[in-house]
>>> print(open('start24.pdb').read())   # PDB, C-alpha atoms and all ligand atoms
ATOM      1  CA  MET O 148      19.772 -22.212 -22.217  1.00  0.00           C
ATOM      2  CA  PHE O 149      16.423 -21.516 -20.487  1.00  0.00           C
ATOM      3  CA  ILE O 150      15.618 -17.836 -20.044  1.00  0.00           C
ATOM      4  CA  GLN O 151      12.987 -17.174 -17.424  1.00  0.00           C
ATOM      5  CA  ILE O 152      11.257 -13.791 -17.623  1.00  0.00           C
ATOM      6  CA  GLY O 153       8.577 -11.891 -15.781  1.00  0.00           C
ATOM      7  CA  LEU O 154       9.528 -12.145 -12.119  1.00  0.00           C
ATOM      8  CA  VAL O 155      10.422  -8.525 -11.361  1.00  0.00           C
ATOM      9  CA  PRO O 156       7.396  -6.227 -11.070  1.00  0.00           C
ATOM     10  CA  ASN O 157       7.648  -2.830 -12.745  1.00  0.00           C
ATOM     11  CA  THR O 158       7.006  -0.899  -9.543  1.00  0.00           C
ATOM     12  CA  GLU O 159      10.241   1.057  -9.198  1.00  0.00           C
ATOM     13  CA  TRP O 160       8.327   4.310  -9.714  1.00  0.00           C
ATOM     14  CA  LEU O 161       6.190   3.553  -6.657  1.00  0.00           C
ATOM     15  CA  LYS O 162       9.112   3.334  -4.266  1.00  0.00           C
ATOM     16  CA  GLY O 163       8.610   5.732  -1.367  1.00  0.00           C
ATOM     17  CA  SER O 164       4.947   6.318  -2.139  1.00  0.00           C
ATOM     18  CA  MET O 165       3.488   3.046  -0.838  1.00  0.00           C
ATOM     19  CA  GLU O 166       4.561  -0.106   0.946  1.00  0.00           C
ATOM     20  CA  LEU O 167       6.455  -2.556  -1.263  1.00  0.00           C
ATOM     21  CA  THR O 168       8.140  -5.827  -0.394  1.00  0.00           C
ATOM     22  CA  LYS O 169      11.896  -6.264  -0.877  1.00  0.00           C
ATOM     23  CA  PHE O 170      10.975  -7.860  -4.226  1.00  0.00           C
ATOM     24  CA  GLY O 171       9.079  -4.735  -5.312  1.00  0.00           C
ATOM     25  CA  GLU O 172       5.624  -6.248  -4.925  1.00  0.00           C
ATOM     26  CA  ILE O 173       2.882  -3.856  -3.795  1.00  0.00           C
ATOM     27  CA  VAL O 174       1.673  -4.939  -0.368  1.00  0.00           C
ATOM     28  CA  VAL O 175      -2.109  -5.381  -0.521  1.00  0.00           C
ATOM     29  CA  GLY O 176      -4.787  -6.418   1.939  1.00  0.00           C
ATOM     30  CA  PRO O 177      -7.710  -8.787   1.338  1.00  0.00           C
ATOM     31  CA  ARG O 178      -9.639  -6.143  -0.674  1.00  0.00           C
ATOM     32  CA  GLY O 179      -6.687  -5.100  -2.802  1.00  0.00           C
ATOM     33  CA  GLU O 180      -6.085  -2.042  -0.656  1.00  0.00           C
ATOM     34  CA  THR O 181      -2.554  -0.664  -0.561  1.00  0.00           C
ATOM     35  CA  SER O 182      -0.886   1.263   2.251  1.00  0.00           C
ATOM     36  CA  VAL O 183      -2.248   4.467   0.649  1.00  0.00           C
ATOM     37  CA  PRO O 184      -5.932   5.006   1.482  1.00  0.00           C
ATOM     38  CA  GLY O 185      -8.039   4.913  -1.682  1.00  0.00           C
ATOM     39  CA  VAL O 186      -5.344   3.277  -3.808  1.00  0.00           C
ATOM     40  CA  PHE O 187      -5.941  -0.330  -4.825  1.00  0.00           C
ATOM     41  CA  ALA O 188      -3.758  -2.782  -6.712  1.00  0.00           C
ATOM     42  CA  ALA O 189      -4.204  -6.195  -8.287  1.00  0.00           C
ATOM     43  CA  GLY O 190      -2.353  -8.916 -10.116  1.00  0.00           C
ATOM     44  CA  ASP O 191       1.237 -10.015 -10.417  1.00  0.00           C
ATOM     45  CA  CYS O 192       2.666  -6.700  -9.211  1.00  0.00           C
ATOM     46  CA  THR O 193       1.142  -7.291  -5.770  1.00  0.00           C
ATOM     47  CA  THR O 194       1.772  -9.686  -2.903  1.00  0.00           C
ATOM     48  CA  VAL O 195      -0.869 -12.093  -4.241  1.00  0.00           C
ATOM     49  CA  PRO O 196       0.841 -15.448  -3.621  1.00  0.00           C
ATOM     50  CA  PHE O 197       0.373 -17.136  -7.021  1.00  0.00           C
ATOM     51  CA  LYS O 198       1.130 -15.414 -10.334  1.00  0.00           C
ATOM     52  CA  GLN O 199      -1.350 -16.876 -12.793  1.00  0.00           C
ATOM     53  CA  ILE O 200      -3.781 -15.344 -15.295  1.00  0.00           C
ATOM     54  CA  ILE O 201      -6.976 -16.521 -13.630  1.00  0.00           C
ATOM     55  CA  ILE O 202      -5.758 -15.274 -10.257  1.00  0.00           C
ATOM     56  CA  ALA O 203      -4.782 -11.858 -11.658  1.00  0.00           C
ATOM     57  CA  ALA O 204      -8.211 -11.547 -13.325  1.00  0.00           C
ATOM     58  CA  GLY O 205     -10.038 -12.386 -10.103  1.00  0.00           C
ATOM     59  CA  ASP O 206      -7.722 -10.076  -8.217  1.00  0.00           C
ATOM     60  CA  GLY O 207      -8.684  -7.240 -10.565  1.00  0.00           C
ATOM     61  CA  ALA O 208     -12.351  -7.819  -9.822  1.00  0.00           C
ATOM     62  CA  LYS O 209     -11.615  -7.928  -6.105  1.00  0.00           C
ATOM     63  CA  ALA O 210      -9.634  -4.669  -6.175  1.00  0.00           C
ATOM     64  CA  ALA O 211     -12.363  -2.970  -8.234  1.00  0.00           C
ATOM     65  CA  LEU O 212     -14.971  -4.025  -5.691  1.00  0.00           C
ATOM     66  CA  GLY O 213     -12.638  -2.923  -2.912  1.00  0.00           C
ATOM     67  CA  ALA O 214     -12.346   0.503  -4.533  1.00  0.00           C
ATOM     68  CA  PHE O 215     -16.121   0.699  -5.003  1.00  0.00           C
ATOM     69  CA  ASP O 216     -16.674  -0.242  -1.376  1.00  0.00           C
ATOM     70  CA  HIS O 217     -14.138   2.389  -0.300  1.00  0.00           C
ATOM     71  CA  LEU O 218     -15.791   5.127  -2.381  1.00  0.00           C
ATOM     72  CA  ILE O 219     -19.350   4.342  -1.323  1.00  0.00           C
ATOM     73  CA  ARG O 220     -18.334   4.772   2.309  1.00  0.00           C
ATOM     74  CA  GLN O 221     -16.867   8.272   1.755  1.00  0.00           C
TER      75      GLN O 221
HETATM   76  C1  LIG O 301       6.754 -16.401 -19.695  1.00  0.00           C
HETATM   77  C2  LIG O 301       5.478 -16.431 -18.890  1.00  0.00           C
HETATM   78  C3  LIG O 301       4.605 -17.484 -19.039  1.00  0.00           C
HETATM   79  C4  LIG O 301       3.413 -17.547 -18.327  1.00  0.00           C
HETATM   80  N1  LIG O 301       2.563 -18.597 -18.502  1.00  0.00           N
HETATM   81  C5  LIG O 301       1.395 -18.631 -17.843  1.00  0.00           C
HETATM   82  C6  LIG O 301       0.463 -19.691 -18.043  1.00  0.00           C
HETATM   83  O1  LIG O 301       0.694 -20.620 -18.835  1.00  0.00           O
HETATM   84  N2  LIG O 301      -0.706 -19.664 -17.352  1.00  0.00           N
HETATM   85  C7  LIG O 301      -1.018 -18.660 -16.478  1.00  0.00           C
HETATM   86  O2  LIG O 301      -2.082 -18.684 -15.880  1.00  0.00           O
HETATM   87  N3  LIG O 301      -0.144 -17.646 -16.253  1.00  0.00           N
HETATM   88  C8  LIG O 301       1.044 -17.619 -16.914  1.00  0.00           C
HETATM   89  N4  LIG O 301       1.930 -16.588 -16.707  1.00  0.00           N
HETATM   90  C9  LIG O 301       1.574 -15.560 -15.712  1.00  0.00           C
HETATM   91  C10 LIG O 301       0.592 -14.560 -16.297  1.00  0.00           C
HETATM   92  O3  LIG O 301       1.127 -14.046 -17.504  1.00  0.00           O
HETATM   93  C11 LIG O 301       0.397 -13.445 -15.265  1.00  0.00           C
HETATM   94  O4  LIG O 301      -0.018 -14.005 -14.031  1.00  0.00           O
HETATM   95  C12 LIG O 301      -0.639 -12.432 -15.714  1.00  0.00           C
HETATM   96  O5  LIG O 301      -0.347 -11.929 -17.002  1.00  0.00           O
HETATM   97  C13 LIG O 301      -0.682 -11.290 -14.701  1.00  0.00           C
HETATM   98  O6  LIG O 301      -1.587 -10.315 -15.160  1.00  0.00           O
HETATM   99  P1  LIG O 301      -1.432  -8.832 -14.661  1.00  0.00           P
HETATM  100  O7  LIG O 301      -2.540  -8.081 -15.334  1.00  0.00           O
HETATM  101  O8  LIG O 301      -1.317  -8.813 -13.190  1.00  0.00           O
HETATM  102  O9  LIG O 301      -0.009  -8.333 -15.207  1.00  0.00           O
HETATM  103  P2  LIG O 301       0.502  -8.220 -16.704  1.00  0.00           P
HETATM  104  O10 LIG O 301      -0.170  -9.191 -17.617  1.00  0.00           O
HETATM  105  O11 LIG O 301       2.014  -8.288 -16.585  1.00  0.00           O
HETATM  106  O12 LIG O 301       0.040  -6.778 -17.144  1.00  0.00           O
HETATM  107  C14 LIG O 301       0.655  -5.624 -16.648  1.00  0.00           C
HETATM  108  C15 LIG O 301       0.544  -4.571 -17.734  1.00  0.00           C
HETATM  109  O13 LIG O 301       0.942  -3.316 -17.196  1.00  0.00           O
HETATM  110  C16 LIG O 301       1.772  -2.699 -18.138  1.00  0.00           C
HETATM  111  N5  LIG O 301       2.630  -1.771 -17.405  1.00  0.00           N
HETATM  112  C17 LIG O 301       3.694  -2.049 -16.622  1.00  0.00           C
HETATM  113  N6  LIG O 301       4.212  -0.913 -16.119  1.00  0.00           N
HETATM  114  C18 LIG O 301       3.459   0.098 -16.580  1.00  0.00           C
HETATM  115  C19 LIG O 301       3.486   1.502 -16.403  1.00  0.00           C
HETATM  116  N7  LIG O 301       4.393   2.109 -15.629  1.00  0.00           N
HETATM  117  N8  LIG O 301       2.556   2.234 -17.027  1.00  0.00           N
HETATM  118  C20 LIG O 301       1.604   1.654 -17.795  1.00  0.00           C
HETATM  119  N9  LIG O 301       1.511   0.318 -18.001  1.00  0.00           N
HETATM  120  C21 LIG O 301       2.431  -0.445 -17.390  1.00  0.00           C
HETATM  121  C22 LIG O 301       2.535  -3.806 -18.827  1.00  0.00           C
HETATM  122  O14 LIG O 301       3.022  -3.402 -20.082  1.00  0.00           O
HETATM  123  C23 LIG O 301       1.442  -4.852 -18.934  1.00  0.00           C
HETATM  124  O15 LIG O 301       0.690  -4.722 -20.127  1.00  0.00           O
HETATM  125  C24 LIG O 301       3.107 -16.511 -17.416  1.00  0.00           C
HETATM  126  C25 LIG O 301       3.996 -15.440 -17.271  1.00  0.00           C
HETATM  127  C26 LIG O 301       5.179 -15.402 -17.991  1.00  0.00           C
HETATM  128  C27 LIG O 301       6.112 -14.229 -17.812  1.00  0.00           C
END
>>> encode(input="start24.pdb", output="C-alpha cells")
Amino acid sequence: MFIQIGLVPNTEWLKGSMELTKFGEIVVGPRGETSVPGVFAAGDCTTVPFKQIIIAAGDGAKAALGAFDHLIRQ
C-alpha cells in the first residue's frame, strides 16, 4: 500500500474570506497578493503551480517583498 499525503491545503478556515480554488488553494497574483488587499500568501497552500521546498521558500520571499511593496505605497 502506498499512502500519499499532503495534497489538501489547510485553508478551510479561510473559506468566504478570500478567493480559493475548488481545491482550497489560495488564489495569488504574481506578488503573492490574495483577493484581500494587504493580505499575502505563499507556498503550497496557494495556486503556485509546483509544490516543492525551494519553490515555497522563494514564494515566501516574493510574498514578503510584495507585502513590503504594498505597505510602502500606503
Ligand atoms: C510526503 C511529502 C514529501 C515531499 N518531498 C519533497 C521533496 O523531496 N522535495 C521537495 O522539494 N518537496 C517535497 N515535498 C513538498 C514540500 O514539503 C512542500 O513543498 C513544502 O514543505 C511547502 O512549504 P510551505 O511552507 O508552503 O508549507 P508547509 O511546509 O506545509 O508548512 C505549513 C505550516 O503551516 C502550519 N499550519 C497549517 N495550518 C495552520 C494554522 N491554521 N495555523 C498555524 N499553522 C498552520 C503547518 O503545521 C505547517 O507547519 C514533499 C511533501 C510531502 C507531503
>>> closest_residue(input="start24.pdb", among="O:Gly190, O:Pro184, O:Gly176, O:Pro156", to="ligand LIG 301 (chain O)", atoms="all atoms listed in the file")
O:Gly190
>>> residues_near_ligand(input="start24.pdb", ligand="ligand LIG 301 (chain O)", cutoff="10 Å", atoms="only C-alpha atoms and all ligand atoms", output="PyMOL selection string")
chain O and resi 150-161+188-193+195+197-207
>>> atom_distance(input="start24.pdb", atom1="CA of Pro196 in chain O", atom2="CA of Ala210 in chain O")
15.2 Å
>>> atom_distance(input="start24.pdb", atom1="CA of Thr194 in chain O", atom2="CA of Ser182 in chain O")
12.4 Å
>>> residues_near_point(input="start24.pdb", point="(5.8, -0.9, -3.2)", cutoff="8 Å", atoms="only C-alpha atoms", output="NGL selection string")
:O and (158-159 or 161-168 or 171-174)
>>> resolve_selection(input="start24.pdb", expression="the PyMOL selection byres (((chain O and resi 187) around 8) and not hetatm)", output="ChimeraX atom specification")
/O:175,179-181,185-186,188-189,210-211,213-214
>>> write_last_selection(input="start24.pdb", atoms="C-alpha atoms", output="compact mmCIF listing (two decimals), in the coordinates of the input")
# COMPACT_ATOMS: atom_id res chain seq x y z
CA VAL O 175 -2.11 -5.38 -0.52
CA GLY O 179 -6.69 -5.10 -2.80
CA GLU O 180 -6.08 -2.04 -0.66
CA THR O 181 -2.55 -0.66 -0.56
CA GLY O 185 -8.04 4.91 -1.68
CA VAL O 186 -5.34 3.28 -3.81
CA ALA O 188 -3.76 -2.78 -6.71
CA ALA O 189 -4.20 -6.20 -8.29
CA ALA O 210 -9.63 -4.67 -6.18
CA ALA O 211 -12.36 -2.97 -8.23
CA GLY O 213 -12.64 -2.92 -2.91
CA ALA O 214 -12.35 0.50 -4.53
